[in-house]
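Here is the structure we will look at.
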Number of protein chains: 2
Amino acid sequence: MKLYGALEAGGTKMVLAIVNGQGELLDRISLPTETPAETMPQMIDYFRKEPISALGIACFGPLDLNPGSDTYGTITATPKLAWRNYPVLAAFRDALGVPAGLDTDVNAAALAEASLGAARGLDSCLYITVGTGLGGGVIIHGKPVHGLMHPEIGHIPIRPEEDDPMPHGVCPYHDCCPEGMAAGPAIEKRWGVSAKELPPEHPAWKLEAAYLAQVCANAILSFSPEKIIMGGGVMQQKFLFPMIRERTVGLLNGYITHPAIDSGLTDTIVEPGLGTESGIMGAYLLAKQAEEKP
Amino acid sequence: MKLYGALEAGGTKMVLAIVNGQGELLDRISLPTETPAETMPQMIDYFRKEPISALGIACFGPLDLNPGSDTYGTITATPKLAWRNYPVLAAFRDALGVPAGLDTDVNAAALAEASLGAARGLDSCLYITVGTGLGGGVIIHGKPVHGLMHPEIGHIPIRPEEDDPMPHGVCPYHDCCPEGMAAGPAIEKRWGVSAKELPPEHPAWKLEAAYLAQVCANAILSFSPEKIIMGGGVMQQKFLFPMIRERTVGLLNGYITHPAIDSGLTDTIVEPGLGTESGIMGAYLLAKQAEEKP
């Protein structure tokens, strides 16, 4: 039986798993994300315990994913300073001696949703996570989008809502971007309590839906994904989905006529088909791809 | 020698051409866009004069480009009412009896730029036209993007600039979208004279560059094209290019480190490699594709 290593590398924790060739998760552990010097040896030890054929890494970014670049496979301008310029792909490949694949955590999640989840059978999707940060992975023509670099949809310019008491947001780089306006830390800063403690009737959620609708409308009008899959901690507030759909339809305002939009985007803006497993299953798919094309 | 028909169907004029298999333009005419009853017979006559192997249509939109749809190949919600729901693809295919291919004018232009122009050899690009309208075509993984429908980047939500005397724009569908803020009619409405008459030092251009920079920054952060090619009447004001690049770099504000961005996007936000021929050459490529896969 073939085994694959899957790593979902996040800014606060690392999720490591062993998955078989049928996509069954056989073992999983979680480690806090410390510095590379502390965390890398623990992760390498874990993956050495089983005879894995390949490793897939779904990693926080930004990443250098250009195979022609000298710094291919490194983490680039992350605010997590200890990991900045860290050659995560080469480090694992060298230590484990197996093929390894790397993509952003959100591109990997989008890949998993397109292969096994809510966008199965479709040619395109956007996977958005709204949690500590806000990011998006994009699949078009069946493959993750990299292009110049890779999507960073959490940082597009959006516009403040009129009734927002914090119209500039909290992103250190951008005035009024989705991450700075609508990720967990923005909600907490704006209202003085964490998102989890805000009841569904709190005005926070109307504002949240409005910003996330801007992200959805932007995606539909920019690259037209067939599904927008929304996950992450903040999206555990399931009542947000109908609110986001309604605001997105409102922003499109009848300009595009399409059955999916005319029916209120109910089947277009959806929860992840893989629940909270999109990222780790994406890492597993990256491992399989790396094995096929090392 | 094989011949192909190429049609660039615009809201004000139709450009029709005969192109040989080497991509040489052998003949070209232009007709005003009247109603289908008036214009279609003239166009069919033109294409019947030569023994074309296939026809490519680069058409104003929105279009139904979903091959599984009952209304595949029709123009959908266009403000040009006589053409609304017109089955342009079937009409030509039936009248000429040759394979015919259809895409948006901007997707066709993007295809031509990716195959023969400024994005040759690249996997992805965005072609933006800024003229009577503002639209964008997207190539990713070498192919035009359709997805749910097709990109309509002229209608994404953007934010008004502080010093804009017309902060809502002129789009009948959307408050503050790129077409409503930055296409030719918006410039003319805002300043009372047509774009062509505004000297380079006029404040109109600083505002114009700011809005177009929002479109570029949005694209880079949403789907990360390797080139952004800007054409159309308004972009004949070449001094806009350095202004747009500078504002785009400003909007990204160091969040993404990439050689293309660090060097000021000089080789990323560029003029069309095919000059004003991107659309008609895109139509020719659609004809060749239709011949290969009728």
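We name chains A, B, ... following the order of the structure tokens; residues begin at 1 in each chain, and ligands are numbered from 1 as shown.
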
**Report entry** Filtered DSSP result for range 27-265 of chain A, state strand (DSSP E), as a PyMOL selection string
**Finding:** chain A and resi 27-32+54-59+100-104+125-130+134-140+143-144+228-231

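Excluding Ser124 in chain A itself and any same-chain residue fewer than 2 positions from it, the protein and nucleic acid residues within 8 Å of it, counting only C-alpha atoms, are Ala114, Ala119, Leu122, Leu126, Val138, Ile139, Ile140, His141, Gly142, Pro225, Glu226 and Lys227 of chain A; Gly147 of chain B.
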
Nearby residues (only C-alpha atoms) at most 12 Å from Arg159 in chain A, same-chain spacing under 3 positions excluded, as a PDB file with C-alpha atoms, in the first residue's frame:
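Generated output (around36.pdb):
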```
ATOM      1  CA  HIS A 155      -5.630  42.135  -0.467  1.00  0.00           C
ATOM      2  CA  ILE A 156      -7.617  43.472  -3.441  1.00  0.00           C
ATOM      3  CA  GLU A 162     -20.894  53.678   4.773  1.00  0.00           C
ATOM      4  CA  ASP A 163     -21.770  52.553   8.288  1.00  0.00           C
ATOM      5  CA  ASP A 164     -18.421  50.947   9.092  1.00  0.00           C
ATOM      6  CA  MET A 166     -13.510  51.183  11.123  1.00  0.00           C
ATOM      7  CA  PRO A 167     -13.411  52.162   7.442  1.00  0.00           C
ATOM      8  CA  HIS A 168      -9.665  51.681   6.888  1.00  0.00           C
ATOM      9  CA  GLY A 169      -9.225  48.234   8.404  1.00  0.00           C
ATOM     10  CA  HIS A 174      -3.452  48.150   2.536  1.00  0.00           C
ATOM     11  CA  ASP A 175      -6.201  50.582   3.270  1.00  0.00           C
ATOM     12  CA  CYS A 176      -9.528  48.739   3.015  1.00  0.00           C
ATOM     13  CA  CYS A 177      -8.677  45.260   1.763  1.00  0.00           C
ATOM     14  CA  PRO A 178     -10.747  42.142   2.548  1.00  0.00           C
ATOM     15  CA  GLY A 180      -7.970  44.091   6.809  1.00  0.00           C
ATOM     16  CA  MET A 181     -11.748  44.579   6.897  1.00  0.00           C
ATOM     17  CA  LEU A 207     -20.972  44.433   7.478  1.00  0.00           C
ATOM     18  CA  ALA A 210     -21.113  43.131   2.630  1.00  0.00           C
ATOM     19  CA  TYR A 211     -17.320  42.858   2.471  1.00  0.00           C
ATOM     20  CA  LEU A 212     -17.330  39.173   1.610  1.00  0.00           C
ATOM     21  CA  ALA A 213     -19.928  39.915  -1.089  1.00  0.00           C
ATOM     22  CA  GLN A 214     -17.506  42.422  -2.617  1.00  0.00           C
ATOM     23  CA  VAL A 215     -14.929  39.632  -2.802  1.00  0.00           C
ATOM     24  CA  ASN A 218     -15.218  40.754  -7.792  1.00  0.00           C
TER      25      ASN A 218
ATOM     26  CA  ILE B 156     -16.118  44.945 -10.493  1.00  0.00           C
ATOM     27  CA  PRO B 157     -16.767  47.038  -7.381  1.00  0.00           C
ATOM     28  CA  ILE B 158     -13.996  49.626  -7.030  1.00  0.00           C
ATOM     29  CA  ARG B 159     -13.710  52.630  -4.721  1.00  0.00           C
ATOM     30  CA  PRO B 160     -14.066  56.264  -5.642  1.00  0.00           C
ATOM     31  CA  GLU B 161     -11.006  58.487  -5.422  1.00  0.00           C
ATOM     32  CA  GLU B 162     -11.316  61.275  -2.863  1.00  0.00           C
ATOM     33  CA  ASP B 175     -22.222  52.433  -8.496  1.00  0.00           C
ATOM     34  CA  CYS B 176     -18.490  53.013  -8.997  1.00  0.00           C
ATOM     35  CA  CYS B 177     -17.356  50.311 -11.425  1.00  0.00           C
ATOM     36  CA  GLN B 214      -7.383  49.572  -9.181  1.00  0.00           C
TER      37      GLN B 214
END
```

Report task. Find the spatial neighbours of range 28-31 of chain A, counting only C-alpha atoms, within a cut-off of 7 Å - ignore same-chain residues fewer than 5 positions away - and output them as a ChimeraX atom specification. Result -> /A:13-18

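Distances to chain A were evaluated for B:Cys171, B:Val145, B:Ala195, B:Ala54 using only C-alpha atoms, and the minimum falls at B:Val145.
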
I'd like the contact shell of Asp262 in chain B - 10 Å cut-off, only C-alpha atoms, skipping same-chain residues fewer than 6 positions apart - returned as an mmCIF file with C-alpha atoms, in the first residue's frame.
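The new file out-v3.cif reads:
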```
data_model
loop_
_atom_site.group_PDB
_atom_site.id
_atom_site.type_symbol
_atom_site.label_atom_id
_atom_site.label_comp_id
_atom_site.auth_asym_id
_atom_site.auth_seq_id
_atom_site.Cartn_x
_atom_site.Cartn_y
_atom_site.Cartn_z
ATOM 1 C CA VAL B 249 2.726 49.509 -7.451
ATOM 2 C CA GLY B 254 5.143 46.070 -1.031
ATOM 3 C CA ILE B 256 3.977 41.105 -2.909
#
```
